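Enquirer: Supplied structure: data_10.cif, mmCIF, C-alpha atoms.
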data_structure
loop_
_atom_site.label_atom_id
_atom_site.label_comp_id
_atom_site.auth_asym_id
_atom_site.auth_seq_id
_atom_site.Cartn_x
_atom_site.Cartn_y
_atom_site.Cartn_z
CA MET M 1 -3.59 72.91 -16.76
CA ARG M 2 -1.50 69.82 -16.84
CA ARG M 3 0.33 70.91 -13.72
CA ARG M 4 -2.95 71.40 -11.81
CA SER M 5 -4.26 68.01 -12.99
CA PHE M 6 -1.10 66.28 -11.87
CA ALA M 7 -1.31 67.96 -8.45
CA ALA M 8 -4.93 66.91 -8.08
CA VAL M 9 -4.15 63.33 -9.00
CA LEU M 10 -1.21 63.28 -6.58
CA ALA M 11 -3.40 64.66 -3.79
CA ALA M 12 -6.12 62.13 -4.50
CA THR M 13 -3.60 59.29 -4.58
CA THR M 14 -2.08 60.42 -1.28
CA LEU M 15 -5.55 60.56 0.29
CA THR M 16 -6.41 57.10 -0.99
CA LEU M 17 -3.19 55.64 0.39
CA GLY M 18 -3.81 57.37 3.69
CA LEU M 19 -7.31 55.90 3.94
CA ALA M 20 -6.00 52.46 3.04
CA ALA M 21 -3.33 52.75 5.74
CA CYS M 22 -5.94 53.82 8.30
CA GLY M 23 -8.12 50.82 7.43
CA SER M 24 -5.30 48.28 7.36
CA SER M 25 -5.00 48.14 11.13
CA ASP M 26 -8.66 47.13 11.54
CA ASP M 27 -8.45 44.67 8.67
CA ALA M 28 -5.33 43.10 10.13
CA ALA M 29 -6.98 42.83 13.50
CA GLY M 30 -9.96 41.13 11.92
CA ASP M 31 -7.74 38.73 9.99
CA SER M 32 -5.77 38.00 13.15
CA ALA M 33 -8.93 37.22 15.10
CA ALA M 34 -10.15 34.95 12.31
CA SER M 35 -6.80 33.16 12.17
CA ASP M 36 -7.12 32.28 15.86
CA THR M 37 -10.41 30.47 15.23
CA LEU M 38 -10.53 26.84 14.18
CA LYS M 39 -13.63 25.94 12.14
CA VAL M 40 -14.67 22.34 12.71
CA GLY M 41 -17.62 20.48 11.17
CA VAL M 42 -19.26 17.79 13.31
CA SER M 43 -22.20 15.46 13.68
CA PRO M 44 -24.27 16.90 16.54
CA VAL M 45 -24.02 13.84 18.82
CA PRO M 46 -21.64 12.91 20.29
CA HIS M 47 -19.04 14.78 18.25
CA GLY M 48 -20.60 18.21 18.71
CA GLU M 49 -21.11 17.63 22.43
CA ILE M 50 -17.53 16.47 22.93
CA LEU M 51 -16.14 19.39 20.94
CA LYS M 52 -18.36 21.88 22.78
CA TYR M 53 -16.96 20.57 26.07
CA VAL M 54 -13.46 21.22 24.73
CA ALA M 55 -14.40 24.69 23.44
CA ASP M 56 -16.11 25.73 26.70
CA ASN M 57 -13.71 24.23 29.21
CA LEU M 58 -10.25 23.58 27.75
CA ALA M 59 -9.58 25.64 24.60
CA ALA M 60 -8.99 29.03 26.23
CA ALA M 61 -6.01 27.73 28.19
CA GLU M 62 -4.38 26.84 24.86
CA GLY M 63 -5.28 30.16 23.25
CA LEU M 64 -7.63 28.36 20.87
CA LYS M 65 -11.07 29.44 19.65
CA ILE M 66 -13.30 26.78 18.12
CA GLU M 67 -16.21 27.50 15.79
CA ILE M 68 -18.50 24.47 15.57
CA THR M 69 -20.68 23.76 12.54
CA GLU M 70 -23.16 20.88 12.80
CA PHE M 71 -24.16 18.62 9.90
CA ASN M 72 -26.97 16.09 9.87
CA ASP M 73 -25.58 13.89 7.11
CA TYR M 74 -22.31 12.14 6.28
CA ILE M 75 -21.73 13.84 2.91
CA GLN M 76 -21.49 17.59 3.49
CA PRO M 77 -18.75 17.67 6.17
CA ASN M 78 -16.21 16.32 3.68
CA VAL M 79 -17.47 18.58 0.91
CA ALA M 80 -17.12 21.62 3.20
CA LEU M 81 -13.61 20.56 4.26
CA SER M 82 -12.53 20.06 0.66
CA GLU M 83 -13.90 23.49 -0.29
CA LYS M 84 -12.04 25.12 2.63
CA GLN M 85 -15.20 26.19 4.41
CA LEU M 86 -13.83 24.21 7.38
CA ASP M 87 -10.38 23.69 8.86
CA ALA M 88 -11.24 20.17 10.03
CA ASN M 89 -14.13 17.81 10.51
CA TYR M 90 -14.93 15.30 13.23
CA PHE M 91 -17.65 12.82 12.34
CA GLN M 92 -16.20 9.80 10.53
CA HIS M 93 -14.16 6.63 10.94
CA ILE M 94 -11.32 5.31 8.79
CA PRO M 95 -13.32 2.83 6.63
CA TYR M 96 -15.79 5.57 5.70
CA LEU M 97 -12.96 8.05 5.02
CA GLU M 98 -11.17 5.54 2.80
CA GLU M 99 -14.36 5.00 0.80
CA GLU M 100 -14.83 8.77 0.39
CA VAL M 101 -11.22 9.30 -0.70
CA ALA M 102 -11.42 6.42 -3.19
CA THR M 103 -14.65 7.64 -4.81
CA LYS M 104 -14.18 11.40 -4.62
CA GLY M 105 -10.42 11.92 -4.64
CA TYR M 106 -10.20 13.99 -1.47
CA LYS M 107 -6.71 14.86 -0.26
CA PHE M 108 -7.38 14.29 3.43
CA THR M 109 -5.40 13.02 6.39
CA ALA M 110 -6.91 11.27 9.42
CA LEU M 111 -5.54 12.04 12.87
CA LYS M 112 -5.66 9.92 16.04
CA PRO M 113 -8.80 8.01 17.13
CA VAL M 114 -10.97 9.87 19.66
CA HIS M 115 -14.04 7.74 20.35
CA ILE M 116 -16.06 4.74 19.26
CA GLU M 117 -19.82 4.80 18.79
CA PRO M 118 -20.76 1.12 18.98
CA LEU M 119 -23.15 0.08 16.22
CA GLY M 120 -26.27 -1.51 17.67
CA VAL M 121 -29.30 -3.61 16.76
CA TYR M 122 -32.62 -2.14 17.90
CA SER M 123 -36.29 -3.06 17.71
CA LYS M 124 -39.71 -1.85 18.76
CA THR M 125 -41.15 -5.35 18.82
CA VAL M 126 -38.38 -7.93 19.23
CA LYS M 127 -36.99 -8.47 22.72
CA ALA M 128 -33.98 -10.64 21.87
CA ILE M 129 -31.88 -11.48 18.82
CA ALA M 130 -33.10 -15.08 18.94
CA ASP M 131 -36.69 -13.82 18.56
CA VAL M 132 -36.21 -12.10 15.19
CA PRO M 133 -39.03 -13.57 13.07
CA ASN M 134 -38.65 -15.54 9.87
CA GLY M 135 -38.83 -13.18 6.89
CA GLY M 136 -38.30 -10.18 9.15
CA VAL M 137 -37.28 -6.86 7.58
CA VAL M 138 -33.83 -5.68 8.66
CA ALA M 139 -32.80 -2.07 8.01
CA ILE M 140 -29.08 -1.33 7.62
CA PRO M 141 -27.07 1.77 6.60
CA ASN M 142 -26.75 2.25 2.84
CA ASP M 143 -23.15 3.53 2.75
CA PRO M 144 -20.71 0.68 1.97
CA SER M 145 -18.50 0.95 5.06
CA ASN M 146 -21.38 0.94 7.54
CA SER M 147 -23.46 -1.64 5.67
CA GLY M 148 -20.53 -4.06 5.81
CA ARG M 149 -20.12 -3.23 9.46
CA SER M 150 -23.82 -3.99 10.06
CA LEU M 151 -23.66 -7.34 8.30
CA ASN M 152 -20.65 -8.29 10.41
CA LEU M 153 -22.55 -7.44 13.59
CA LEU M 154 -25.50 -9.57 12.47
CA ALA M 155 -23.14 -12.43 11.59
CA LYS M 156 -21.44 -12.26 15.00
CA ASN M 157 -24.87 -12.60 16.57
CA GLY M 158 -25.83 -15.67 14.55
CA LEU M 159 -28.46 -14.23 12.22
CA ILE M 160 -26.47 -14.71 9.01
CA THR M 161 -23.20 -16.21 7.82
CA LEU M 162 -20.70 -14.33 5.65
CA LYS M 163 -17.94 -15.50 3.32
CA ASP M 164 -14.64 -15.94 5.10
CA GLY M 165 -12.35 -12.93 4.93
CA VAL M 166 -14.79 -10.33 3.57
CA GLY M 167 -14.40 -8.22 6.71
CA VAL M 168 -15.65 -4.61 6.64
CA LYS M 169 -16.28 -4.76 2.88
CA ALA M 170 -19.04 -7.33 3.21
CA THR M 171 -22.16 -6.86 1.06
CA GLU M 172 -25.43 -8.77 0.85
CA LYS M 173 -23.83 -10.82 -1.95
CA ASP M 174 -21.38 -12.17 0.64
CA ILE M 175 -24.14 -13.73 2.75
CA THR M 176 -23.72 -17.52 2.54
CA ALA M 177 -26.49 -18.46 4.97
CA ASN M 178 -29.67 -16.64 5.95
CA PRO M 179 -31.67 -19.24 7.87
CA LYS M 180 -34.48 -16.84 8.79
CA ASN M 181 -34.80 -15.48 5.26
CA LEU M 182 -34.32 -11.95 6.52
CA GLN M 183 -35.22 -9.16 4.09
CA PHE M 184 -32.62 -6.39 3.99
CA LYS M 185 -33.54 -2.75 3.48
CA ALA M 186 -30.70 -0.24 2.99
CA LEU M 187 -31.41 3.30 4.19
CA GLU M 188 -29.47 6.50 4.72
CA ALA M 189 -27.96 6.23 8.20
CA ALA M 190 -29.85 9.25 9.52
CA GLN M 191 -33.18 7.63 8.62
CA LEU M 192 -32.59 4.37 10.48
CA PRO M 193 -34.13 5.37 13.84
CA ARG M 194 -37.39 6.22 12.04
CA SER M 195 -37.38 2.81 10.37
CA LEU M 196 -38.05 1.04 13.67
CA GLU M 197 -41.79 1.41 13.15
CA ASP M 198 -41.58 -0.65 9.96
CA THR M 199 -38.88 -3.25 10.64
CA ALA M 200 -38.28 -6.29 12.80
CA ILE M 201 -34.84 -4.89 13.66
CA SER M 202 -32.72 -1.96 12.51
CA VAL M 203 -28.96 -1.63 12.74
CA ILE M 204 -28.31 1.97 13.79
CA ASN M 205 -25.15 4.07 14.04
CA GLY M 206 -24.44 5.13 17.60
CA ASN M 207 -24.68 8.87 16.99
CA TYR M 208 -28.14 8.62 15.42
CA ALA M 209 -29.32 6.24 18.12
CA ILE M 210 -28.30 8.66 20.87
CA GLU M 211 -29.79 11.66 19.04
CA THR M 212 -33.20 9.99 19.04
CA GLY M 213 -33.14 9.06 22.72
CA LEU M 214 -31.91 5.48 22.45
CA LYS M 215 -29.26 4.33 24.91
CA PRO M 216 -26.98 1.91 23.08
CA ALA M 217 -25.56 0.41 26.26
CA THR M 218 -29.01 -0.61 27.55
CA ASP M 219 -31.52 -0.44 24.69
CA SER M 220 -29.74 -2.44 22.00
CA LEU M 221 -30.33 -6.14 21.36
CA ALA M 222 -26.70 -6.46 20.26
CA LEU M 223 -23.84 -3.97 20.40
CA GLU M 224 -20.31 -3.79 19.05
CA THR M 225 -17.50 -3.89 21.57
CA GLY M 226 -14.53 -1.55 21.63
CA ASP M 227 -12.05 -4.42 21.29
CA ASP M 228 -10.03 -4.17 18.07
CA ASN M 229 -12.78 -1.96 16.69
CA PRO M 230 -11.67 -0.28 13.41
CA TYR M 231 -14.52 2.24 13.52
CA ALA M 232 -13.10 4.82 15.91
CA ASN M 233 -14.13 8.37 15.00
CA LEU M 234 -11.43 10.98 14.55
CA VAL M 235 -10.52 14.43 13.30
CA VAL M 236 -9.81 14.73 9.56
CA VAL M 237 -7.94 17.62 7.92
CA ARG M 238 -6.74 18.52 4.45
CA THR M 239 -3.40 16.83 3.83
CA GLY M 240 -0.63 19.20 4.88
CA ASP M 241 -2.66 20.84 7.67
CA GLU M 242 -1.95 18.14 10.24
CA THR M 243 1.02 20.15 11.60
CA ASN M 244 -0.95 23.41 11.80
CA GLU M 245 -0.57 24.80 15.32
CA LYS M 246 -4.34 25.05 15.86
CA ILE M 247 -4.87 21.46 14.75
CA VAL M 248 -2.07 20.25 17.04
CA LYS M 249 -3.69 22.05 19.96
CA LEU M 250 -7.10 20.57 19.17
CA GLU M 251 -5.65 17.07 19.01
CA LYS M 252 -3.94 17.55 22.36
CA LEU M 253 -7.20 18.62 23.98
CA LEU M 254 -9.35 15.90 22.39
CA HIS M 255 -6.96 13.26 23.76
CA SER M 256 -6.77 14.70 27.27
CA ALA M 257 -7.73 12.99 30.52
CA GLU M 258 -10.51 15.56 30.90
CA VAL M 259 -12.15 14.55 27.61
CA LYS M 260 -11.85 10.84 28.42
CA LYS M 261 -13.63 11.41 31.72
CA PHE M 262 -16.30 13.53 30.01
CA ILE M 263 -17.02 10.70 27.55
CA GLU M 264 -17.18 8.09 30.31
CA ASP M 265 -19.39 10.18 32.60
CA LYS M 266 -21.79 11.51 29.96
CA TYR M 267 -22.35 8.44 27.81
CA GLN M 268 -22.08 5.60 30.32
CA GLY M 269 -20.80 3.05 27.81
CA SER M 270 -22.89 4.20 24.85
CA VAL M 271 -19.79 6.02 23.53
CA LEU M 272 -16.29 4.69 24.27
CA ALA M 273 -13.06 6.67 24.45
CA ALA M 274 -10.57 5.26 21.92
CA PHE M 275 -7.39 6.49 23.61
#
Is it possible to express this structure as structure tokens?

Expert:
Amino acid sequence: MRRRSFAAVLAATTLTLGLAACGSSDDAAGDSAASDTLKVGVSPVPHGEILKYVADNLAAAEGLKIEITEFNDYIQPNVALSEKQLDANYFQHIPYLEEEVATKGYKFTALKPVHIEPLGVYSKTVKAIADVPNGGVVAIPNDPSNSGRSLNLLAKNGLITLKDGVGVKATEKDITANPKNLQFKALEAAQLPRSLEDTAISVINGNYAIETGLKPATDSLALETGDDNPYANLVVVRTGDETNEKIVKLEKLLHSAEVKKFIEDKYQGSVLAAF
């Protein structure tokens, strides 16, 4: 009895191993295919459009497959990268990344600048910066890096004065002169285009302006320049992954002459190549 039981167990074990061996080839093939794919989280415009151009026109020559996931906010792409749902993300600039790392402890590394989305001032009613009315409501982004950026743009255009040296970390408390008694309203960046119905002016991130049909180069009352602009958008990866072969290939393609021409031709000054 024992001998028959042992034989049966041995036969069953051999069969199980055989089935596992038969399945391992398919599993390995699946794993191999997955390992060739780079998962990147993006804002839809212009990041998603730029990356789709790379995926459709340049990636195959480098043996690279790119899976694009779009996000409509500035929070989830970093969460997904931290949780390893993504291999990289492409939606943010260095001041925003530094703020995220400081508050949330992410172990991320920023790669080379790809493009700049100039921040702009827009209005449904005002035709020029000088015409902003006394007591007018001004909407600005509510995240610290972009709110400081907005206040600097307003200061450069003479609407307010800021304390010397506050730079990108400026807050409303740093306003030293507000001759038109402007009323500031901080909103999530994605909501700013909708605020135009209720404000004198709104300071809107370039990606959200373009998404809603605005043309920063022609529709804005004031627009950042690309000169010494610290807000270039770039690819961000988990620290240690910057030398990953797929990431290196992606960086090469994003900084190619073909991508620079695509940005120039498609956006006509509303998005600026940063390389």

Enquirer: Give as a ChimeraX atom specification the residues that the PyMOL selection byres ((chain M and resi 227) around 12) matches when applied to the coordinates above.

Expert: /M:116,118,223-226,228-232,272-274

Enquirer: Do you know which residues the PyMOL selection byres ((chain M and resi 260) around 9) returns on this file, as a list in words?

Expert: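 After applying the PyMOL selection byres ((chain M and resi 260) around 9), what remains is Val114, His115, Leu254, His255, Ser256, Ala257, Glu258, Val259, Lys261, Phe262, Ile263, Glu264, Asp265, Leu272, Ala273, Ala274 and Phe275 of chain M.
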
Enquirer: Specify as number ranges by chain each residue included when the PyMOL selection byres ((chain M and resi 162) around 12) is applied to this file.

Expert: M: 148-161, 163-178

Enquirer: Quick one: axis-aligned box around all listed atoms of stretch 254-264 of chain M, 6 Å on every side, centre and edge lengths in Å to one decimal, written as JSON.

Expert:
{"center_x": -12.0, "center_y": 12.0, "center_z": 27.1, "size_x": 22.4, "size_y": 19.8, "size_z": 21.3}

Enquirer: Between atom CA of M:Lys65 and atom CA of M:Lys252, what distance in Å does the model show, to one decimal?

Expert: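 Between atom CA of M:Lys65 and atom CA of M:Lys252 the gap is 14.1 Å.
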
Enquirer: Would you compute the distance between atom CA of M:His47 and atom CA of M:Asn233? Give it in Å to one decimal.

Expert: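 Going from atom CA of M:His47 over to atom CA of M:Asn233 covers 8.7 Å.
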
Enquirer: Return the single residue from M:Gly105, M:Gly120, M:Pro113, M:Gly63 that is closest to M:Thr37, with distances computed using all atoms listed in the file.

Expert: M:Gly63

Enquirer: For atom CA of M:Glu242 and atom CA of M:Tyr106, quote the distance in Å rounded to one decimal.

Expert: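 Separation of atom CA of M:Glu242 and atom CA of M:Tyr106: 14.9 Å.
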
Enquirer: My list of candidates is M:Ala130, M:Leu119, M:Ala110, M:Leu97. Which is closest to M:Ala209 when distances are computed with only C-alpha atoms?

Expert: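 Nearest to M:Ala209: M:Leu119.
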
Enquirer: Kindly indicate which residue among M:Ser220, M:Asn205, M:Thr109, M:Asn78 lies nearest to M:Ile140, using only C-alpha atoms for the distances.

Expert: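 Of all the options, M:Asn205 lies closest to M:Ile140.
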
Enquirer: Return the single residue from M:Leu187, M:Ile210, M:Ile94, M:Val126 that is closest to M:Ala139, with distances computed using only C-alpha atoms.

Expert: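 The closest residue to M:Ala139 is M:Leu187.
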